[in-house]
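In what follows, a structure is listed as structure tokens, so that the remarks can point back to it.
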There are 4 protein chains.
Amino acid sequence: MARRLRLGMIGGGPGSFIGSVHRMAARLDDQYTLVAGAFSSDPGRVQAIGEQAFLDPGRAYTDWREMVRAEAARADRPAVVAIVTPNDLHHAPAKACLEAGFHVICDKPMTTTWADARDLAATVARTGRLFALTHNYSAYPQVRLMREMVRGGELGALRLVQMDYAQEWAATAVEATGNRRAEWKTDPARAGAGGTLGDIGTHAYQLACFVTGQPAASLCAELTAFVPGRRLDDNAHILLRYDGGMRGGLWASQVAIGSKNAFSLQVIGDKGALVWQQEHPNQLLFTRLGESVRCLEREISGSRLPPGHPEGFIEAFGQLYNDFAEQIRAQLEGRAPKPEALLVPTVEEGCESVRFVLGAVKSSKLGGVWLPRADWTS
Amino acid sequence: MARRLRLGMIGGGPGSFIGSVHRMAARLDDQYTLVAGAFSSDPGRVQAIGEQAFLDPGRAYTDWREMVRAEAARADRPAVVAIVTPNDLHHAPAKACLEAGFHVICDKPMTTTWADARDLAATVARTGRLFALTHNYSAYPQVRLMREMVRGGELGALRLVQMDYAQEWAATAVEATGNRRAEWKTDPARAGAGGTLGDIGTHAYQLACFVTGQPAASLCAELTAFVPGRRLDDNAHILLRYDGGMRGGLWASQVAIGSKNAFSLQVIGDKGALVWQQEHPNQLLFTRLGESVRCLEREISGSRLPPGHPEGFIEAFGQLYNDFAEQIRAQLEGRAPKPEALLVPTVEEGCESVRFVLGAVKSSKLGGVWLPRADWTS
Amino acid sequence: MARRLRLGMIGGGPGSFIGSVHRMAARLDDQYTLVAGAFSSDPGRVQAIGEQAFLDPGRAYTDWREMVRAEAARADRPAVVAIVTPNDLHHAPAKACLEAGFHVICDKPMTTTWADARDLAATVARTGRLFALTHNYSAYPQVRLMREMVRGGELGALRLVQMDYAQEWAATAVEATGNRRAEWKTDPARAGAGGTLGDIGTHAYQLACFVTGQPAASLCAELTAFVPGRRLDDNAHILLRYDGGMRGGLWASQVAIGSKNAFSLQVIGDKGALVWQQEHPNQLLFTRLGESVRCLEREISGSRLPPGHPEGFIEAFGQLYNDFAEQIRAQLEGRAPKPEALLVPTVEEGCESVRFVLGAVKSSKLGGVWLPRADWTS
Amino acid sequence: MARRLRLGMIGGGPGSFIGSVHRMAARLDDQYTLVAGAFSSDPGRVQAIGEQAFLDPGRAYTDWREMVRAEAARADRPAVVAIVTPNDLHHAPAKACLEAGFHVICDKPMTTTWADARDLAATVARTGRLFALTHNYSAYPQVRLMREMVRGGELGALRLVQMDYAQEWAATAVEATGNRRAEWKTDPARAGAGGTLGDIGTHAYQLACFVTGQPAASLCAELTAFVPGRRLDDNAHILLRYDGGMRGGLWASQVAIGSKNAFSLQVIGDKGALVWQQEHPNQLLFTRLGESVRCLEREISGSRLPPGHPEGFIEAFGQLYNDFAEQIRAQLEGRAPKPEALLVPTVEEGCESVRFVLGAVKSSKLGGVWLPRADWTS
């Protein structure tokens with residue numbers, strides 16, 4: 001019988017947004033089980049994540065090299081290791097994992113130098129191990145549909161690709177406020193040569209490549225660091241030329257006050273055009289030359305959810321399960337549950353809804369009359 | 001050390017949207033582990049889900065009564081059972097589970113009759129077991145914020161609550177096409193007295209109660225079955241009166257061509273108003289009397305994700321993990337992976353992004369010049 | 001040769017929003033020329049409008065009866081009179097005008113009583129004069145397209161018509177603050193039996209009739225006056241039944257904080273559906289059963305403007321002309337123009353744009369190089 | 001007493017969108033009266049517009065030089081002349097008009113060469129005549145509010161200005177289909193050095209200057225002509241540097257399938273940001289650093305209309321007046337009116353609305369009961 005894949009993780013300690021997202025993602029379709037991790041070099045932080053993830057304490061490491069060595073020697077070794085460290089710590093652990101026989105899931109951007117990038121590619125080729133890079137936007141159903149339509153010729157010959165990616169979180173010197181994520185993302189030693197460019201510009205560029213199938217042939221860039229003292233760009237304006245005549249424009253910014261994660265991709269050909277916006281990911285706007293704009297809704301077949309159940313639907317269900325787990329644990333432990341766990345709909349709320357249905361049916365059957373609540377269920 | 005909660009499930013066989021959502025939700029925050037299930041009365045269907053969920057084959061049942069009996073006798077018995085069957089099969093299994101000492105998570109609407117509803121409430125009270133009803137919309141961060149603001153008096157005295165919930169899936173006689181979900185949802189024997197009313201009208205009404213804290217005092221309803229031959233309503237118009245003078249309007253429809261899951265809730269007081277729309281769940285529109293409309297974005301604190309990373313973000317990550325699992329399994333089994341699993345970004349795509357960063361930095365450093373791709377990394 | 005039609009006006013004094021809209025509308029397509037008016041019973045107010053409209057002072061009246069009498073006797077008498085008074089002052093002047101041989105344009109709702117309504121209809125029939133009622137929403141190109149599509153059978157048999165019309169301006173007791181418009185609109189003696197119902201509910205109901213071609217067969221209404229002391233409804237919830245089985249829901253509110261003029265009409269049949277929203281009037285959302293939503297943009301043929309030049313385009317042009325008129329008059333009169341009239345783009349701004357075009361062309365021709373402004377025109 | 005300003009026009013023959021917009025704009029606020037025009041060199045076309053505008057036939061010219069000469073000699077000469085010809089015909093008539101003592105309203109872009117632009121500026125200075133350039137977007141109330149807020153320091157020090165202006169009308173070789181507007185706009189001899197750049201890129205650039213008060217210091221442009229055979233750019237990507245460190249990005253395209261007139265301007269400072277979108281012109285999105293996005297609605301004070309009555313409101317009223325004029329004329333002339341003029345709401349529709357109000361009031365007063373239509377008015 002099939003088994004869940006054993007998963008190791010390097011990086012992703014407490015407070016790491018992306019580490020936590022990776023762990024949720026690994027569980028979502030029930031294909032992985034986390035068995036080992038080197039989440040941090042701080043023993044307390046490692047222990048915190050290890051307990052939260054129900055890890056065997058012996059498999060929670062403070063040194064990723066030690067983890068690779070020890071785990072490689074086990075019979076129940078991970079099949080795959082996820083690397084969710086800052087950018088400068090992608091290459092070495094990824095290479096070590098591949099060489100130790102692990103498949104690798106690696107966060108983006110892949111490395112901070114071109115030499116490291118090519119070395120990693122060579123290592124993948126040499127070891128025959130599998131490697132996945134988490135440019136997650138390419139996994140949205142409507143982005144994949146966009147790619148299919150573009151490559152299937154629905155837009156005709158491509159003319160333009162417009163990429164806008166605007167965020168506001170770095171509009172001030174957050175890196176000076178103790179924000180660990182901001183610290184490394186603005187530190188050339190850890191983030192690499194690009195700041196905003198590496199952090200989100202790469203998402204935009206990768207997605208355009210993913211959808212159009214073409215890397216750019218030439219570019220002209222204007223990178224700016226607006227926040228005083230910042231050592232890496234926090235805004236990028238880039239013009240692009242592609243073989244075959246396509247032109248591109250890319251704007252990536254992390255000082256765009258008012259924008260949370262406003263990422264959009266527009267591809268225009270001589271026969272039609274497509275627009276995808278990350279903040280409305282279930283829709284793809286499609287226009288054929290001379291026709292009306294159509295809104296292509298995510299189909300049930302391309303997703304876990306039916307159309308119109310978009311966003312946070314699973315997460316909201318998960319919240320209920322999570323809150324209810326707290327209620328159960330509290331009862332087991334003879335203590336009061338946390339107050340915020342008490343918002344789970346109760347049996348009384350169930351009654352009220354049943355009562356409502358019955359009242360409405362009764363009112364309607366009586367020809368549409370006003371019916372006091374006391375009479376809904378009588 | 002804390003352990004994951006053992007979970008059983010009744011209902012949720014292959015093709016059940018809501019069963020699969022419950023299982024994903026249970027995994028999302030890693031608080032549960034599914035150990036037993038009576039997913040269907042069909043042995044093949046039970047086996048399919050059992051294998052997919054890595055269940056011990058001995059704990060995959062075709063009879064929920066048998067499951068309750070057998071699981072209650074085990075040392076490693078479930079702590080909680082999720083009931084995701086059609087409406088007419090909520091009451092009996094829920095009651096049996098509670099009486100066997102299990103906590104219960106139950107899908108909505110809770111029961112098909114008022115007697116069953118009260119009996120279940122009494123059973124909960126008598127057994128001391130916990131009970132959760134999955135009116136999932138009440139778990140969205142912005143809905144909970146809405147409740148907090150309404151109850152905190154930010155809107156002043158309440159005047160109006162408007163509930164619109166429009167879907168299109170039942171605009172034709174889908175129940176006659178072999179669609180199992182449509183079959184039971186339009187069958188009075190299985191769905192209860194309300195069709196659309198019970199299916200989505202209850203979500204709207206529950207959410208209004210959840211947010212305002214008030215059940216309605218009186219209602220006037222007009223239920224209609226538009227599709228010829230349909231035995232339950234597929235459209236509901238309801239007027240509501242509340243104690244204290246508030247008035248309400250509710251429109252629920254499943255023949256609303258053009259609407260996927262267009263659910264919105266608007267609450268208006270004498271000092272302000274709030275609007276939440278399920279299709280843009282991360283935003284809450286707030287207007288104070290005499291001021292501009294503000295868009296309250298979901299905060300990072302109320303969610304697993306930072307603002308602007310709304311919808312499908314985790315799911316997209318999960319897709320990558322899932323596709324990659326297929327690649328790994330295929331290699332282990334010496335076969336070709338399914339083609340759709342090959343869209344996971346590769347090491348070459350990682351290289352291309354690194355190259356792009358370096359090219360852009362170089363162009364910008366040279367004062368903003370056009371730089372051919374060959375020179376990006378040289 | 002054709003001549004502009006001579007127009008008289010009753011009502012529409014200073015501060016009357018609708019009077020000023022009628023006058024602009026009459027000028028827009030250059031088919032009318034205002035020659036006479038009884039704008040108010042206050043001589044100062046009459047004179048103000050008369051001067052603003054360049055009227056012959058002898059044709060600006062304080063008594064509409066006097067105006068009807070005097071104008072009817074002139075050779076250059078108006079062909080048509082527009083009546084833009086409060087509701088209780090529609091019937092008598094309209095009847096008098098018709099009987100004096102004038103065609104009539106009348107604001108809505110037509111009268112305050114059913115007897116007056118029928119009497120006016122009889123007068124129209126008897127006199128053979130033409131009568132137009134300014135339910136202006138029925139004149140939007142996309143509303144007329146909606147009507148055409150509905151009547152042409154594009155939606156199949158009609159099932160539902162949903163009308164929402166929400167405004168916020170009456171959320172407090174504005175009628176007690178000296179606001180003349182609010183005073184008469186909340187006064188049963190002047191507005192008639194309906195408050196919000198008459199003011200905007202009639203727009204919604206008329207538009208539904210206009211589009212579907214069907215008046216309602218039966219209704220069930222819940223009218224509420226939320227603002228303490230208000231004598232007419234400020235909120236209306238109405239359920240509607242139509243011959244043939246169509247059902248309708250209407251919500252009209254003027255206490256809906258956060259809504260300026262949120263009027264929408266949705267018509268749903270068994271083959272398709274249409275949605276029009278007044279705040280995005282150039283778009284009509286159309287869904288055929290089983291297909292994607294399409295956004296039908298206003299065509300150039302149905303309008304004065306090409307697609308995508310929606311809203312305020314003419315008004316913005318008009319603003320420039322108006323500001324420039326002030327500059328010219330100020331020069332003629334040897335005085336400084338009002339400061340706000342100086343924002344009209346100048347010859348220097350014209351130079352700057354020309355310079356910009358030339359700079360961009362030059363930069364591009366040089367292969368895309370950064371070009372300092374000084375070199376744009378050299 | 002004040003008089004309307006006499007207006008002359010050069011250009012704007014039949015089929016000219018912008019000529020007709022200028023004439024409507026001149027009428028909108030009733031400050032001008034068109035008295036003379038050289039609309040075309042074709043006598044039939046001149047006559048058509050002359051009649052439509054009720055001009056004295058002697059003042060409709062086929063030669064603009066003749067018009068300038070003849071009109072300058074009249075006692076009732078125009079105060080101002082509007083020039084709405086193709087770009088190459090702006091400079092000479094504008095100069096001649098100024099020298100003949102007329103004030104000038106001129107369409108954009110002002111001239112096709114830098115020499116002409118400076119010469120015109122010198123002529124304005126020399127003659128003391130007034131000159132207005134119709135960059136109409138700068139006259140929208142929310143654009144003027146944006147300027148005020150930016151200049152008032154609400155955004156802090158400016159960092160970024162983003163201009164996007166996308167249209168689709170030139171996605172194919174429309175200039176080869178007999179479209180006169182497309183012909184001259186793609187002809188370097190008539191349009192000047194810029195195609196899309198001159199047509200809409202100048203609008204974007206002017207608006208950014210208008211709002212920020214800064215011309216660019218340096219630019220880097222990539223102009224492309226995508227449509228085979230086209231002699232001028234139909235797409236422009238431009239990067240901009242401003243004194244003080246602000247950066248800008250401008251994308252103007254007329255091959256952007258799916259976009260009608262998608263013009264947006266975003267200005268970002270270190271304390272806040274503003275976004276204006278031409279297709280939703282009555283809203284201005286404002287975000288202060290660390291706060292929620294607010295939607296600033298157009299105020300009644302800055303406009304002819306109250307908030308939420310945006311777009312086409314006056315035009316829809318105008319449509320009714322226009323249709324009604326056709327009805328009246330048809331009656332005068334003893335002919336049937338054009339069928340499309342019969343959609344004006346009638347006295348019977350007035351009755352139906354009155355009946356509806358009375359029915360709703362009656363139903364509500366009876367406690368909310370279903371009331372057949374026959375009983376609404378009894």
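Chain identifiers are assigned as A, B, and so on, following the order in which chains appear in the structure tokens; residues are numbered from 1 within each chain, and ligands are numbered from 1 in order of appearance.
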
Determine, for each residue of chain B having at least one atom at most 10 Å from an atom of chain C, the closest pair of atoms and their separation in Å to one decimal, counting only C-alpha atoms; order by chain and ascending number, as CSV.
residue,atom,partner,partner_atom,distance
B:Leu155,CA,C:Ile257,CA,9.7
B:Leu158,CA,C:Phe226,CA,10.0
B:Arg159,CA,C:Phe226,CA,7.1
B:Leu160,CA,C:Ala256,CA,8.3
B:Gln162,CA,C:Trp251,CA,9.2
B:Glu168,CA,C:Leu289,CA,8.7
B:Trp169,CA,C:Gly290,CA,9.1
B:Ala171,CA,C:Asp270,CA,6.8
B:Thr172,CA,C:Asp270,CA,7.7
B:Cys220,CA,C:Cys220,CA,9.0
B:Ala221,CA,C:Leu239,CA,8.9
B:Glu222,CA,C:Leu239,CA,7.8
B:Leu223,CA,C:Arg247,CA,9.6
B:Thr224,CA,C:Arg247,CA,8.3
B:Phe226,CA,C:Arg159,CA,7.0
B:Val227,CA,C:Asp270,CA,8.4
B:Asn235,CA,C:Leu160,CA,9.1
B:Ala236,CA,C:Arg247,CA,9.7
B:His237,CA,C:Gly249,CA,6.9
B:Ile238,CA,C:Leu239,CA,8.2
B:Leu239,CA,C:His237,CA,7.2
B:Leu240,CA,C:Glu222,CA,9.3
B:Arg241,CA,C:Glu222,CA,9.4
B:Gly245,CA,C:Phe226,CA,8.4
B:Met246,CA,C:Phe226,CA,8.9
B:Arg247,CA,C:Thr224,CA,8.3
B:Gly248,CA,C:His237,CA,8.3
B:Gly249,CA,C:His237,CA,7.0
B:Leu250,CA,C:Gly249,CA,9.3
B:Trp251,CA,C:Gly249,CA,7.9
B:Ser253,CA,C:Leu160,CA,9.6
B:Val255,CA,C:Asp270,CA,7.9
B:Ala256,CA,C:Ile268,CA,6.3
B:Ile257,CA,C:Ala273,CA,5.6
B:Gly258,CA,C:Thr287,CA,5.2
B:Ser259,CA,C:Val293,CA,8.8
B:Gln266,CA,C:Ala256,CA,9.5
B:Val267,CA,C:Ala256,CA,9.0
B:Ile268,CA,C:Ala256,CA,6.4
B:Gly269,CA,C:Ile257,CA,7.9
B:Asp270,CA,C:Ala171,CA,6.8
B:Lys271,CA,C:Ile257,CA,8.1
B:Gly272,CA,C:Ile257,CA,5.9
B:Ala273,CA,C:Ile257,CA,5.6
B:Leu274,CA,C:Gly258,CA,8.1
B:Val275,CA,C:Gly258,CA,9.0
B:Leu285,CA,C:Gly258,CA,8.5
B:Phe286,CA,C:Gly258,CA,7.5
B:Thr287,CA,C:Gly258,CA,5.2
B:Arg288,CA,C:Ile257,CA,7.4
B:Leu289,CA,C:Ile257,CA,6.2
B:Gly290,CA,C:Ile257,CA,8.2
B:Glu291,CA,C:Gly258,CA,8.3
B:Ser292,CA,C:Gly258,CA,7.5
B:Val293,CA,C:Gly258,CA,6.1
B:Arg294,CA,C:Gly258,CA,9.4
B:Gly367,CA,C:Trp370,CA,8.1
B:Gly368,CA,C:Trp370,CA,7.1
B:Val369,CA,C:Val369,CA,6.4
B:Trp370,CA,C:Gly368,CA,7.1

- Query: DSSP says alpha helix (DSSP H) for which residues of range 138-355 of chain D? Put them as number ranges by chain?
  - Reply: D: 141-151, 180-185, 188-191, 196, 202-212, 313-332, 347-355

- Task: Could you jot down the CA of Tyr61 in chain A to CA of Gly13 in chain A separation for me, Å, one decimal place?
- Result: 11.3 Å
